[in-house]
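Okay, my_file-v9.txt now, which holds compact mmCIF, C-alpha atoms and all ligand atoms:
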```txt
# COMPACT_ATOMS: atom_id res chain seq x y z
CA MET G 63 -161.36 -56.09 37.13
CA THR G 64 -162.59 -53.55 39.62
CA GLN G 65 -160.13 -52.32 42.22
CA THR G 66 -161.68 -51.07 45.44
CA LEU G 67 -160.43 -48.99 48.32
CA THR G 68 -162.43 -48.60 51.52
CA ILE G 69 -161.49 -45.81 53.92
CA PRO G 70 -163.13 -44.35 57.03
CA ARG G 71 -165.75 -41.82 55.94
CA PRO G 72 -163.73 -38.70 55.08
CA ASP G 73 -164.12 -35.20 56.51
CA ASP G 74 -163.48 -31.86 54.86
CA TRP G 75 -161.48 -29.54 57.12
CA HIS G 76 -162.16 -26.38 55.08
CA LEU G 77 -165.46 -25.90 53.25
CA HIS G 78 -167.63 -23.03 52.00
CA LEU G 79 -171.34 -23.84 52.04
CA ARG G 80 -172.69 -20.26 51.73
CA ASP G 81 -176.34 -19.72 52.65
CA GLY G 82 -179.88 -19.75 51.24
CA ALA G 83 -180.38 -21.20 47.75
CA MET G 84 -176.66 -21.84 47.26
CA LEU G 85 -176.41 -23.76 50.54
CA GLN G 86 -179.42 -25.86 49.54
CA ALA G 87 -177.81 -26.83 46.24
CA VAL G 88 -174.21 -27.47 47.30
CA LEU G 89 -174.69 -29.16 50.67
CA PRO G 90 -175.68 -32.56 49.19
CA GLU G 91 -172.55 -32.51 47.03
CA THR G 92 -170.45 -32.61 50.21
CA ALA G 93 -172.75 -34.70 52.42
CA ARG G 94 -172.82 -37.49 49.80
CA HIS G 95 -169.25 -38.45 50.69
CA PHE G 96 -168.17 -36.51 53.78
CA GLY G 97 -169.28 -37.04 57.36
CA ARG G 98 -168.19 -33.68 58.77
CA ALA G 99 -166.74 -30.41 57.58
CA ILE G 100 -165.22 -27.29 59.08
CA ILE G 101 -167.61 -24.63 57.82
CA MET G 102 -166.07 -21.33 56.78
CA PRO G 103 -167.71 -18.26 58.33
CA ASN G 104 -167.21 -15.77 55.47
CA LEU G 105 -170.88 -15.11 54.86
CA VAL G 106 -172.23 -11.61 54.29
CA PRO G 107 -172.38 -10.50 57.07
CA PRO G 108 -169.74 -12.82 58.55
CA VAL G 109 -170.39 -15.36 61.33
CA VAL G 110 -168.65 -13.52 64.17
CA ARG G 111 -170.46 -14.45 67.39
CA GLY G 112 -171.52 -17.75 68.90
CA ASP G 113 -175.24 -17.01 68.44
CA GLN G 114 -174.65 -16.40 64.72
CA ALA G 115 -172.78 -19.71 64.43
CA ALA G 116 -175.63 -21.54 66.16
CA ALA G 117 -178.17 -20.02 63.77
CA TYR G 118 -176.00 -20.86 60.76
CA ARG G 119 -175.58 -24.46 61.94
CA ASP G 120 -179.38 -24.73 62.21
CA ARG G 121 -179.80 -23.42 58.65
CA ILE G 122 -177.26 -25.98 57.38
CA LEU G 123 -179.03 -28.84 59.16
CA ALA G 124 -182.39 -27.63 57.85
CA ALA G 125 -180.99 -27.70 54.29
CA LEU G 126 -179.76 -31.29 54.61
CA PRO G 127 -181.88 -33.64 52.47
CA GLU G 128 -183.79 -36.41 54.26
CA GLY G 129 -181.70 -39.51 54.76
CA MET G 130 -178.34 -37.76 54.55
CA ALA G 131 -176.11 -37.56 57.62
CA PHE G 132 -173.67 -34.68 57.98
CA GLU G 133 -172.20 -32.79 60.92
CA PRO G 134 -171.22 -29.16 60.34
CA LEU G 135 -168.28 -28.11 62.54
CA MET G 136 -168.74 -24.41 63.06
CA THR G 137 -166.14 -21.63 63.07
CA LEU G 138 -166.14 -18.00 64.11
CA TYR G 139 -164.80 -15.19 61.94
CA LEU G 140 -162.13 -13.29 63.86
CA THR G 141 -162.51 -9.51 63.90
CA GLU G 142 -160.72 -6.85 65.88
CA ASP G 143 -163.89 -6.56 68.00
CA THR G 144 -164.24 -10.27 68.77
CA ASP G 145 -164.96 -10.86 72.45
CA PRO G 146 -162.71 -13.57 73.97
CA GLU G 147 -165.49 -14.58 76.38
CA ASP G 148 -167.99 -15.12 73.56
CA VAL G 149 -165.42 -17.32 71.79
CA ALA G 150 -164.75 -19.29 74.97
CA ALA G 151 -168.47 -19.84 75.59
CA ALA G 152 -169.08 -21.00 72.01
CA HIS G 153 -166.20 -23.45 72.37
CA ALA G 154 -167.29 -24.68 75.81
CA SER G 155 -170.79 -25.45 74.53
CA GLY G 156 -169.29 -27.69 71.84
CA LEU G 157 -170.64 -25.53 69.03
CA VAL G 158 -167.46 -24.01 67.70
CA LYS G 159 -164.39 -26.01 66.65
CA ALA G 160 -162.10 -23.22 65.37
CA VAL G 161 -161.72 -19.49 64.84
CA LYS G 162 -160.85 -18.22 61.38
CA LEU G 163 -158.30 -15.49 60.76
CA TYR G 164 -158.67 -13.58 57.50
CA PRO G 165 -156.23 -10.73 56.99
CA ALA G 166 -158.58 -7.90 55.95
CA GLY G 167 -159.01 -7.89 52.18
CA ALA G 168 -157.19 -11.18 51.54
CA THR G 169 -160.03 -13.03 49.81
CA THR G 170 -163.78 -13.35 49.22
CA ASN G 171 -165.79 -11.57 51.96
CA SER G 172 -162.78 -10.78 54.13
CA ALA G 173 -163.36 -7.05 54.57
CA SER G 174 -164.16 -7.51 58.27
CA GLY G 175 -160.93 -9.40 58.90
CA VAL G 176 -157.88 -8.34 60.86
CA THR G 177 -155.65 -5.37 59.99
CA ASN G 178 -153.81 -4.84 63.29
CA PHE G 179 -152.86 -8.19 64.76
CA ASP G 180 -152.14 -6.63 68.16
CA ASN G 181 -155.89 -6.03 68.51
CA VAL G 182 -156.68 -9.75 68.51
CA ARG G 183 -154.05 -10.74 71.08
CA PRO G 184 -156.58 -11.26 73.91
CA VAL G 185 -158.63 -13.63 71.75
CA LEU G 186 -155.55 -15.59 70.65
CA GLU G 187 -154.38 -15.91 74.24
CA LYS G 188 -157.79 -17.17 75.32
CA MET G 189 -157.74 -19.70 72.45
CA ALA G 190 -154.30 -20.96 73.49
CA GLU G 191 -155.59 -21.37 77.04
CA ILE G 192 -158.67 -23.38 76.05
CA GLY G 193 -157.07 -25.32 73.16
CA LEU G 194 -159.27 -23.89 70.41
CA PRO G 195 -157.51 -23.98 67.01
CA LEU G 196 -156.93 -20.91 64.85
CA CYS G 197 -157.45 -21.47 61.12
CA THR G 198 -155.46 -19.03 59.03
CA HIS G 199 -155.90 -17.65 55.55
CA GLY G 200 -152.17 -17.27 55.16
CA GLU G 201 -151.62 -14.41 52.77
CA VAL G 202 -150.47 -10.86 53.40
CA THR G 203 -152.55 -8.23 51.65
CA ASP G 204 -149.88 -5.60 51.07
CA ASN G 205 -150.15 -4.42 47.47
CA HIS G 206 -146.40 -4.17 47.26
CA ILE G 207 -146.06 -7.91 47.74
CA ASP G 208 -146.37 -9.98 44.58
CA ILE G 209 -149.48 -12.17 44.72
CA PHE G 210 -147.37 -15.31 44.19
CA ASP G 211 -145.24 -14.41 47.25
CA ARG G 212 -148.02 -13.52 49.66
CA GLU G 213 -148.16 -16.88 51.41
CA ALA G 214 -144.42 -17.12 52.03
CA VAL G 215 -144.31 -13.54 53.32
CA PHE G 216 -147.28 -14.22 55.63
CA ILE G 217 -145.37 -17.04 57.30
CA ASP G 218 -142.39 -14.80 58.09
CA ARG G 219 -144.18 -11.59 58.95
CA VAL G 220 -147.41 -12.73 60.58
CA LEU G 221 -147.70 -16.42 61.35
CA ASP G 222 -144.35 -17.16 62.92
CA PRO G 223 -144.46 -14.03 65.14
CA ILE G 224 -148.03 -14.86 66.27
CA ARG G 225 -147.04 -18.42 67.13
CA LYS G 226 -143.92 -17.32 69.01
CA ALA G 227 -145.91 -14.73 70.96
CA THR G 228 -148.68 -17.19 71.82
CA PRO G 229 -147.22 -20.46 73.09
CA GLY G 230 -149.75 -23.27 73.01
CA LEU G 231 -151.87 -21.68 70.27
CA ARG G 232 -152.91 -24.47 67.91
CA VAL G 233 -152.86 -23.31 64.28
CA VAL G 234 -154.04 -24.75 60.99
CA MET G 235 -152.37 -23.24 57.94
CA GLU G 236 -155.21 -23.55 55.52
CA HIS G 237 -155.08 -24.39 51.84
CA ILE G 238 -151.28 -24.23 51.64
CA THR G 239 -149.94 -23.63 48.14
CA THR G 240 -146.16 -23.44 48.49
CA ARG G 241 -143.14 -25.51 49.33
CA ASN G 242 -142.38 -22.77 51.89
CA ALA G 243 -145.60 -23.55 53.78
CA ALA G 244 -145.14 -27.32 53.62
CA ASP G 245 -141.55 -26.93 54.86
CA TYR G 246 -142.60 -24.57 57.66
CA VAL G 247 -145.09 -27.16 58.95
CA ALA G 248 -142.46 -29.88 58.77
CA SER G 249 -139.95 -27.74 60.67
CA GLN G 250 -142.18 -27.15 63.70
CA ASP G 251 -142.60 -29.45 66.66
CA THR G 252 -146.12 -29.00 67.91
CA ASP G 253 -149.43 -27.24 67.57
CA LEU G 254 -149.30 -26.81 63.80
CA GLY G 255 -151.19 -28.54 61.00
CA ALA G 256 -152.00 -27.69 57.40
CA THR G 257 -154.84 -28.38 55.03
CA ILE G 258 -154.26 -29.02 51.34
CA THR G 259 -156.97 -28.70 48.69
CA THR G 260 -157.68 -31.18 45.94
CA HIS G 261 -157.21 -28.62 43.19
CA HIS G 262 -153.79 -27.47 44.41
CA LEU G 263 -152.61 -31.08 43.99
CA ILE G 264 -153.74 -30.93 40.35
CA ILE G 265 -153.18 -27.46 38.92
CA ASN G 266 -150.29 -25.03 38.80
CA ARG G 267 -150.37 -21.43 37.59
CA ASN G 268 -150.03 -22.43 33.94
CA HIS G 269 -153.45 -24.03 34.15
CA ILE G 270 -154.88 -20.62 34.97
CA LEU G 271 -152.94 -18.46 32.56
CA ALA G 272 -151.36 -20.38 29.67
CA GLY G 273 -153.33 -20.72 26.42
CA GLY G 274 -156.10 -18.37 27.53
CA ILE G 275 -157.30 -17.31 30.96
CA LYS G 276 -159.31 -19.98 32.84
CA PRO G 277 -161.40 -18.31 35.50
CA HIS G 278 -162.64 -21.60 36.92
CA TYR G 279 -159.06 -22.38 38.03
CA TYR G 280 -158.69 -19.04 39.80
CA CYS G 281 -158.83 -19.33 43.57
CA LEU G 282 -157.01 -17.87 46.56
CA PRO G 283 -154.33 -18.50 47.47
CA VAL G 284 -153.63 -18.64 43.74
CA ALA G 285 -151.96 -21.80 42.41
CA LYS G 286 -148.18 -21.40 42.18
CA ARG G 287 -145.33 -22.85 40.08
CA GLU G 288 -145.09 -26.58 39.35
CA GLU G 289 -142.36 -27.11 41.97
CA HIS G 290 -144.85 -26.01 44.63
CA ARG G 291 -147.57 -28.34 43.38
CA LEU G 292 -145.07 -31.19 43.57
CA ALA G 293 -144.12 -30.21 47.13
CA LEU G 294 -147.82 -30.25 48.11
CA ARG G 295 -148.24 -33.68 46.57
CA ALA G 296 -145.22 -34.96 48.47
CA ALA G 297 -146.64 -33.57 51.73
CA ALA G 298 -150.13 -34.97 51.13
CA VAL G 299 -148.92 -38.49 50.41
CA SER G 300 -146.13 -38.47 53.00
CA GLY G 301 -148.21 -40.03 55.75
CA ASP G 302 -147.20 -37.12 58.04
CA LYS G 303 -150.24 -36.58 60.26
CA ARG G 304 -149.91 -32.81 60.17
CA TYR G 305 -151.23 -32.60 56.59
CA PHE G 306 -154.89 -33.24 55.94
CA LEU G 307 -157.66 -32.57 53.44
CA GLY G 308 -159.47 -29.23 53.35
CA THR G 309 -161.07 -28.94 49.93
CA ASP G 310 -161.79 -25.21 50.13
CA SER G 311 -164.64 -26.05 47.78
CA ALA G 312 -165.91 -22.51 47.18
CA PRO G 313 -168.98 -22.16 44.97
CA HIS G 314 -169.54 -19.00 42.94
CA THR G 315 -172.07 -18.75 40.12
CA ASP G 316 -170.75 -18.70 36.57
CA PRO G 317 -171.68 -15.02 36.03
CA ASN G 318 -169.66 -14.14 39.12
CA LYS G 319 -166.68 -16.25 38.01
CA LEU G 320 -166.75 -15.13 34.38
CA SER G 321 -166.95 -11.39 34.90
CA GLU G 322 -164.49 -8.54 34.48
CA CYS G 323 -163.52 -9.00 38.12
CA GLY G 324 -164.14 -12.70 38.63
CA CYS G 325 -164.54 -14.26 42.07
CA ALA G 326 -161.89 -16.55 43.52
CA GLY G 327 -162.83 -20.14 44.29
CA CYS G 328 -162.89 -23.64 42.79
CA PHE G 329 -165.92 -25.86 43.36
CA THR G 330 -164.64 -29.39 43.99
CA ALA G 331 -167.16 -30.93 46.41
CA THR G 332 -168.72 -33.08 43.69
CA ASN G 333 -165.63 -34.92 42.47
CA THR G 334 -163.02 -34.45 45.19
CA MET G 335 -162.85 -38.05 46.42
CA SER G 336 -162.50 -39.48 42.89
CA LEU G 337 -159.80 -36.94 42.09
CA LEU G 338 -157.90 -37.68 45.29
CA ALA G 339 -157.94 -41.41 44.60
CA HIS G 340 -156.52 -40.65 41.15
CA VAL G 341 -153.78 -38.41 42.57
CA PHE G 342 -152.80 -40.81 45.37
CA GLU G 343 -152.69 -43.71 42.91
CA GLU G 344 -150.47 -41.65 40.58
CA GLU G 345 -148.14 -41.10 43.51
CA GLY G 346 -148.15 -44.82 44.37
CA ALA G 347 -149.68 -43.92 47.72
CA LEU G 348 -153.27 -45.19 47.77
CA ASP G 349 -152.50 -46.56 51.23
CA LYS G 350 -152.01 -42.97 52.46
CA LEU G 351 -155.40 -41.68 51.32
CA ALA G 352 -157.21 -42.78 54.49
CA GLY G 353 -154.73 -40.83 56.61
CA PHE G 354 -155.00 -37.68 54.52
CA ALA G 355 -158.78 -37.64 54.03
CA SER G 356 -160.13 -39.45 57.09
CA GLU G 357 -157.67 -39.78 59.99
CA ASN G 358 -155.17 -36.92 60.26
CA GLY G 359 -157.82 -34.19 60.47
CA PRO G 360 -159.71 -35.77 63.38
CA ALA G 361 -156.38 -36.33 65.14
CA PHE G 362 -155.54 -32.62 64.92
CA TYR G 363 -159.03 -31.51 65.97
CA ARG G 364 -159.12 -34.15 68.73
CA LEU G 365 -162.25 -35.78 67.36
CA PRO G 366 -162.88 -39.47 66.71
CA VAL G 367 -162.28 -40.97 63.28
CA SER G 368 -165.58 -41.87 61.65
CA ARG G 369 -166.79 -45.41 62.24
CA GLU G 370 -168.53 -45.33 58.86
CA THR G 371 -166.71 -46.00 55.61
CA LEU G 372 -166.52 -44.78 52.03
CA THR G 373 -165.65 -47.15 49.22
CA LEU G 374 -163.90 -46.01 46.06
CA ARG G 375 -163.97 -48.23 43.00
CA LYS G 376 -161.72 -48.06 39.99
CA SER G 377 -163.34 -49.26 36.79
CA GLU G 378 -162.62 -49.14 33.08
CA ALA G 379 -165.30 -46.53 32.53
CA ALA G 380 -164.36 -42.97 33.33
CA ALA G 381 -166.40 -41.39 36.11
CA GLU G 382 -168.92 -38.87 34.81
CA PHE G 383 -169.50 -35.73 36.80
CA PRO G 384 -171.99 -32.99 36.09
CA LYS G 385 -170.34 -30.02 34.37
CA LYS G 386 -172.44 -27.70 36.50
CA ILE G 387 -174.60 -27.78 39.61
CA GLU G 388 -177.79 -25.80 39.15
CA THR G 389 -178.60 -23.55 42.11
CA GLY G 390 -181.34 -21.04 42.81
CA ASP G 391 -178.69 -18.34 42.39
CA GLY G 392 -177.42 -19.63 39.03
CA PRO G 393 -175.15 -22.42 37.73
CA VAL G 394 -171.92 -23.36 39.54
CA THR G 395 -169.24 -25.03 37.42
CA VAL G 396 -167.69 -28.20 38.86
CA PHE G 397 -163.86 -28.27 38.87
CA ASP G 398 -162.56 -29.97 35.70
CA PRO G 399 -159.24 -31.74 36.34
CA GLY G 400 -158.54 -31.85 32.61
CA PHE G 401 -158.02 -35.63 32.51
CA PRO G 402 -160.30 -38.66 32.79
CA VAL G 403 -160.72 -40.19 36.22
CA TYR G 404 -161.57 -43.84 36.70
CA TRP G 405 -162.25 -43.84 40.43
CA HIS G 406 -165.90 -43.78 41.46
CA ALA G 407 -166.99 -42.94 45.00
CA ASP G 408 -170.00 -44.77 46.42
CA SER G 409 -172.66 -42.53 47.87
C1 LIG G 501 -162.98 -18.61 49.10
C2 LIG G 501 -164.42 -18.15 48.93
O1 LIG G 501 -164.88 -18.05 47.79
O2 LIG G 501 -165.10 -17.91 49.92
N1 LIG G 501 -162.30 -18.44 47.84
C3 LIG G 501 -161.17 -19.05 47.45
O3 LIG G 501 -160.63 -18.71 46.39
N2 LIG G 501 -160.63 -20.02 48.14
C4 LIG G 501 -162.33 -17.88 50.21
C5 LIG G 501 -161.02 -18.46 50.64
O4 LIG G 501 -160.96 -19.51 51.26
O5 LIG G 501 -159.99 -17.82 50.36
ZN ZN G 502 -161.72 -21.10 51.71
```
What would you get if you wrote out this structure as C-alpha cells?
Ligand code: NCD
Ligand code: ZN
Amino acid sequence: MTQTLTIPRPDDWHLHLRDGAMLQAVLPETARHFGRAIIMPNLVPPVVRGDQAAAYRDRILAALPEGMAFEPLMTLYLTEDTDPEDVAAAHASGLVKAVKLYPAGATTNSASGVTNFDNVRPVLEKMAEIGLPLCTHGEVTDNHIDIFDREAVFIDRVLDPIRKATPGLRVVMEHITTRNAADYVASQDTDLGATITTHHLIINRNHILAGGIKPHYYCLPVAKREEHRLALRAAAVSGDKRYFLGTDSAPHTDPNKLSECGCAGCFTATNTMSLLAHVFEEEGALDKLAGFASENGPAFYRLPVSRETLTLRKSEAAAEFPKKIETGDGPVTVFDPGFPVYWHADS
C-alpha cells in the first residue's frame, strides 16, 4: 500500500545556486520541489550591493527551465564597507530578504567577510530598524579554536554580544550543528530562528572520518558528534516554529571535492525532500514535516505559506536518485545518505 503525505510546497531557507553553467544545472534540482529559496551571496566576486543582487536574480530567473516556477529570495553579502542606505533601499524595493554575515575566512568564498564586527554596527542597526533579518555563518575563524568548537564559541563571543548590542535585530543562525546552538535558540524569547540542513540530521563526524575519509560528507560547519546530531533531530521534529529547513545544498565539482584541499559542501537539492520524509518518519513525526519544511520559515521571514502543495509517497521500491548531476563545469555528486529511502517526491 502506498502511504502519502501532502504538505504546502516547501521552501529552502539557505541555498547555494552558484552562477553560469553550475547554476543552469543545479537550479532545476531545487525548483522541482521548492517554491522559494534564500539564495546565498558567496559568489566570486560576492553579491554585496543591491544592483548586484538584482542582476543575480535576473540570471537565476533566466536559467529557470520553461514551465518551472521558482522565486529566488535574494541576500546581500555583508562586508565592512557595506553601505546601510544601499541595504535599506534593496530591502524597501522588495528585492532583498536578508543580509548574510560570514566571518572572514570561515568557509567557501568568505574572504570578503567581516573581521572587525564594530565596523558593521551601522548596518546592523539599520537592519534592526527596518526589520531585515541577518543570516549568520556561525563559526569563529580563530586558528586556536578547535574546528569542532567553532560554532559554540561563536555564540558566546560574537552572536550573543551582537544581539545584546542590537535590540530588535532579527537573526537566523544558519545550518546549526550543535546542541549548544539548538539550546541557545530555545533559550531566547524573540527575534531568533535557526535553519537545519538535511545532511546534519543524517551524518555525524564518524561518517566523514571513520573507515576512510569521505570528502562528499565534508561541509562547514563540519558535522559533530552523534549527541549533536540527535539534538538537531529533536529540534527539527519538535514543532517549535523557530527551527526550519535550510538545506545548504552547496554544489562543488568532484575534482574540487576530491582534491588535496577539498571544498566544503554537500549537494542535497536532488533528494532532500525524500530524505526528510525518511528522517521525520523515523522520529515518528511525519506530522511535523510541513511545519519544518513549509510553514516555519515563511513565518520567520513574514511571508505567506505557499498555496501549492508537494506530495510525498512511500512505496515498496526504493527511490532512485542520480549519483551525479552533470554540469558544464564537471560532475557534482549527490549526497548519499547511506541507506535506502522509500519516500518519493512528486515533481
Ligand atoms: C558552502 C559553499 O560551498 O558555498 N559550503 C558549505 O560547506 N556549507 C558555504 C557555507 O554555507 O558554509
Ligand atoms: Zn551555505
- [ ] Show which residues sit within 9 Å of Gly392 of chain G, as an NGL selection string. Count only C-alpha atoms, and ignore same-chain residues fewer than 5 positions away.
- [x] :G and (84 or 314-317 or 387)
Open item on the list: Any residue with an atom at most 9 Å from ligand LIG 501 (chain G) counts, using all atoms listed in the file. Which are they? Put them as a ChimeraX atom specification.
Closed with: /G:76-80,102-105,164,168-172,199,236-237,280-284,310-314,325-328
Open item on the list: What's around segment 181-187 of chain G at 10 Å? Count only C-alpha atoms, leave out sequence neighbours fewer than 5 positions away in its own chain, and write the answer as a ChimeraX atom specification.
Closed with: /G:140-150,161,163,176,192-196,224-225,227-232
Next, dump the selected residues to file, keeping only C-alpha atoms, as a compact mmCIF listing (two decimals), in the frame of the given file.
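Wrote it out as part_33.txt, contents follow:
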```txt
# COMPACT_ATOMS: atom_id res chain seq x y z
CA LEU G 140 -162.13 -13.29 63.86
CA THR G 141 -162.51 -9.51 63.90
CA GLU G 142 -160.72 -6.85 65.88
CA ASP G 143 -163.89 -6.56 68.00
CA THR G 144 -164.24 -10.27 68.77
CA ASP G 145 -164.96 -10.86 72.45
CA PRO G 146 -162.71 -13.57 73.97
CA GLU G 147 -165.49 -14.58 76.38
CA ASP G 148 -167.99 -15.12 73.56
CA VAL G 149 -165.42 -17.32 71.79
CA ALA G 150 -164.75 -19.29 74.97
CA VAL G 161 -161.72 -19.49 64.84
CA LEU G 163 -158.30 -15.49 60.76
CA VAL G 176 -157.88 -8.34 60.86
CA ILE G 192 -158.67 -23.38 76.05
CA GLY G 193 -157.07 -25.32 73.16
CA LEU G 194 -159.27 -23.89 70.41
CA PRO G 195 -157.51 -23.98 67.01
CA LEU G 196 -156.93 -20.91 64.85
CA ILE G 224 -148.03 -14.86 66.27
CA ARG G 225 -147.04 -18.42 67.13
CA ALA G 227 -145.91 -14.73 70.96
CA THR G 228 -148.68 -17.19 71.82
CA PRO G 229 -147.22 -20.46 73.09
CA GLY G 230 -149.75 -23.27 73.01
CA LEU G 231 -151.87 -21.68 70.27
CA ARG G 232 -152.91 -24.47 67.91
```
Task: Pairwise distance for atom CA of Ala190 of chain G and atom CA of Tyr139 of chain G, rounded to one decimal in Å - done: 16.6 Å
Task: Straight-line distance linking atom CA of Asp208 of chain G with atom CA of His262 of chain G, stated in Å to one decimal - done: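 Those two atoms sit 19.0 Å apart.
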Open item on the list: Can you measure atom CA of Pro108 of chain G to atom CA of Met136 of chain G for me? One decimal in Å is fine.
Closed with: 12.5 Å
Task: G:Thr203, G:Asn318, G:Thr66, G:Gln250 ranked by distance to Tyr404 of chain G, top pick (using only C-alpha atoms) - done: G:Thr66
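Among the candidates G:Ala154, G:Met235, G:Val396, G:Ala248, the residue lying nearest to ligand ZN 502 (chain G) is G:Met235 (atoms considered: all atoms listed in the file).
Of the listed residues (G:Ala214, G:Leu221, G:Leu67, G:Ala83), G:Leu67 comes nearest to Leu338 of chain G; the distances count only C-alpha atoms.
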TODO: Can you work out which one of G:Ile275, G:Ile101, G:Leu254, G:Ala151 has the shortest atom-to-atom distance to ligand ZN 502 (chain G), counting only C-alpha atoms and all ligand atoms?
DONE: G:Ile101
Task: Residue nearest ligand ZN 502 (chain G) - candidates G:Gly112, G:Gly308, G:Gly274, G:Pro393, atoms counted: all atoms listed in the file - done: G:Gly308
TODO: Write out as a ChimeraX atom specification which residues come within 12 Å of segment 118-130 of chain G when counting all atoms listed in the file, dropping same-chain ones fewer than 3 positions away.
DONE: /G:78-115,133-138,157-158,409
Open item on the list: Can you tell me which residues surround Tyr246 of chain G at a distance of at most 12 Å, considering all atoms listed in the file, apart from same-chain residues fewer than 6 positions away, and format the answer as a PyMOL selection string?
Closed with: chain G and resi 213-218+221-222+234-235+238+240+252+254-256+297+304-305
- [ ] May I have the residues within 9 Å of Ile264 of chain G as a list in words, using only C-alpha atoms and disregarding those fewer than 4 positions away in the same chain?
- [x] Thr260, Arg291, Arg295, Leu337, Val341 and Pro399 of chain G
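Using only C-alpha atoms and all ligand atoms, the nearest neighbour of ligand ZN 502 (chain G) within the list G:Cys197, G:Ala381, G:Val394, G:Ile209 is G:Cys197.
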